[in-house]
Amino acid sequence: MTEADTRVQPRRKGLSRRRKRAVSRGVQYAVFVAALVAFAVTADWEQLQNQFAQVDLAERMFPDIITLALKNTVLYTVSGFVFGLVLGVVVALMRLSSVGPYRWLAGIYIEIFRGLPALLIFIFVGVAVPLAFPGTEIPGGTYGKVALALGLVAAAYMAETIRAGIQAVPKGQMEAARSLGFSHARAMVSIIIPQAFRIVIPPLTNELVLLFKDSSLVLFLGVTLEERELSKFGRDLASETANSTPILVAGLCYLLVTIPLGFVVRRLEAKAGEATK
C-alpha cells in the first residue's frame, strides 16, 4: 500500500463527546429503571402497607398534626431563624471589624458552633444553662429555648454568609456614601447591608429549610403534649400504636413545607443569576 493510499483512507473515529454523554445517560436511566423494577417485584407490599399505610391511623392524626404539630414546628423554625439572623448580622459585622478582639471572638464563635452537632447545642441549652444559672428562666419557655438553640446554630452559618454578601458589595458604594456625609455605621446600615441581603437571600432561605428539619431536636428539651412538633408527634403515636404510619405522615408534612421552600430557593438563585449577567 502506497503512502498516497494511506492518506486517503478515512480515519476511524470513536464516539463523539455528545454521543458518549447520551450513552452514559441511557445507562443511568436503565440502571434506575432496573432498580425500580427489582424493588417492585421483590418488595413485600402487604407488609409495607400494614406498617406504613394504615389509613385509619393516618386519619386519627388529623387535624392535630396540622393545628398543633405543624404549627409548633413552624413557630420553632421562625423564632430560631429570626434570632439566628439578628445574631448572625452582629457576628458578621464583628468578623469584619477593624478591632482585633471582635474578630477573634466572632471567629471562635463561628468555629465552635459550626463544628458542634445541633443535638449538643440543644442539650447544652436544656441542661447546662439551668445548671450554670440556677433559678434563671429563658423567656418564652420551650419556644424561647428552641429559638436560642436553633438561633445559636444558625447564626454561625448565617454570619459567614452575610459576611460574604457584605464583601461582595462593591467598595465604591461605601466610598460614595462617605463622600455624601454618611458615617461608616449609617452607610453600613442604610446602603451596604441592604445590598448584601439581596445577594444572600437564596442561601439564607436554604438555611431556613435546614432549620425546619433541625426543629425535630426539640424533643430533647422535654416538651409537653401541647408543645410537640411533627417528629415528636409522629413518634409518640407510632409508639402508642406499634405502627410506623404516623411517622410517614409526619414526614409528608415536612415535605409540604420543604418542597415549596426548595422551589423558592431555586427561583431566587435563578433571579440572582440573571441580575449578575
# chains A, B, ... in the order shown; residues from 1 in each chain; ligands from 1
$ residues_around --residues "region 79-83 of chain A" --least-positions-apart "4" --cutoff "10 Å" --atoms "only C-alpha atoms" --output "list in words"
Val74, Leu75, Leu87, Gly88, Tyr143, Gly144, Lys145, Val146, Ala147, Leu148, Ala149, Leu150, Gly151, Leu152, Val153, Ala154, Ala155, Met158, Leu204, Thr205, Glu207, Leu208, Val209, Leu211, Phe212 and Ser215 of chain A
$ residues_around --residues "Arg103 (chain A)" --least-positions-apart "3" --cutoff "12 Å" --atoms "only C-alpha atoms" --output "PyMOL selection string"
chain A and resi 90-100+106-110+163
$ write_last_selection --atoms "N, CA and C atoms" --output "compact mmCIF listing (two decimals), in the first residue's frame"
# COMPACT_ATOMS: atom_id res chain seq x y z
N VAL A 90 -24.82 40.53 63.65
CA VAL A 90 -23.88 41.07 64.63
C VAL A 90 -22.52 40.38 64.52
N VAL A 91 -22.54 39.05 64.43
CA VAL A 91 -21.28 38.29 64.34
C VAL A 91 -20.56 38.61 63.04
N ALA A 92 -21.31 38.77 61.95
CA ALA A 92 -20.68 39.10 60.66
C ALA A 92 -19.98 40.46 60.73
N LEU A 93 -20.63 41.42 61.36
CA LEU A 93 -20.02 42.75 61.48
C LEU A 93 -18.80 42.69 62.40
N MET A 94 -18.86 41.88 63.44
CA MET A 94 -17.68 41.69 64.30
C MET A 94 -16.54 41.06 63.51
N ARG A 95 -16.91 40.12 62.64
CA ARG A 95 -15.90 39.43 61.82
C ARG A 95 -15.18 40.41 60.89
N LEU A 96 -15.90 41.45 60.46
CA LEU A 96 -15.33 42.44 59.54
C LEU A 96 -14.76 43.65 60.27
N SER A 97 -14.86 43.67 61.59
CA SER A 97 -14.43 44.82 62.36
C SER A 97 -12.92 45.00 62.28
N SER A 98 -12.51 46.26 62.41
CA SER A 98 -11.08 46.56 62.48
C SER A 98 -10.51 46.33 63.87
N VAL A 99 -11.38 46.05 64.85
CA VAL A 99 -10.96 45.79 66.23
C VAL A 99 -10.62 44.31 66.36
N GLY A 100 -9.39 44.02 66.67
CA GLY A 100 -8.93 42.64 66.72
C GLY A 100 -9.73 41.72 67.62
N ALA A 106 -15.62 36.62 67.18
CA ALA A 106 -16.52 36.15 66.13
C ALA A 106 -15.99 34.88 65.48
N GLY A 107 -14.69 34.82 65.22
CA GLY A 107 -14.10 33.63 64.62
C GLY A 107 -14.23 32.42 65.52
N ILE A 108 -14.00 32.60 66.83
CA ILE A 108 -14.12 31.48 67.78
C ILE A 108 -15.56 30.99 67.83
N TYR A 109 -16.51 31.93 67.89
CA TYR A 109 -17.92 31.55 67.92
C TYR A 109 -18.30 30.74 66.69
N ILE A 110 -17.91 31.22 65.53
CA ILE A 110 -18.27 30.54 64.28
C ILE A 110 -17.68 29.15 64.23
N ARG A 163 -21.37 37.85 55.89
CA ARG A 163 -20.05 38.45 55.70
C ARG A 163 -19.65 38.41 54.23
$ residues_around --residues "region 262-273 of chain A" --least-positions-apart "3" --cutoff "9 Å" --atoms "only C-alpha atoms" --output "list of chain:residue names"
A:Arg198, A:Ile199, A:Ile201, A:Pro202, A:Pro203, A:Leu204, A:Thr205, A:Asn206, A:Val209, A:Val257, A:Thr258, A:Ile259, A:Thr276, A:Lys277
$ residues_around --residues "Ile247 (chain A)" --least-positions-apart "3" --cutoff "12 Å" --atoms "only C-alpha atoms" --output "PyMOL selection string"
chain A and resi 51-54+57-58+61+65+230-244+250-254
$ select_by_dssp --residues "region 1-133 of chain A" --states "helix (DSSP H, G or I)" --output "VMD selection string"
chain A and resid 3 to 8 17 to 42 45 to 52 55 to 60 64 to 95 100 to 115 118 to 132
$ atom_distance --atom1 "CA of Gly84 (chain A)" --atom2 "CA of Ser183 (chain A)"
26.7 Å
$ closest_residue --among "A:Ala196, A:Asn72, A:Leu15, A:Leu119" --to "Pro170 (chain A)" --atoms "only C-alpha atoms"
A:Ala196
$ atom_distance --atom1 "CA of Met174 (chain A)" --atom2 "CA of Ala187 (chain A)"
6.5 Å
$ atom_distance --atom1 "CA of Leu116 (chain A)" --atom2 "CA of Gly135 (chain A)"
26.8 Å
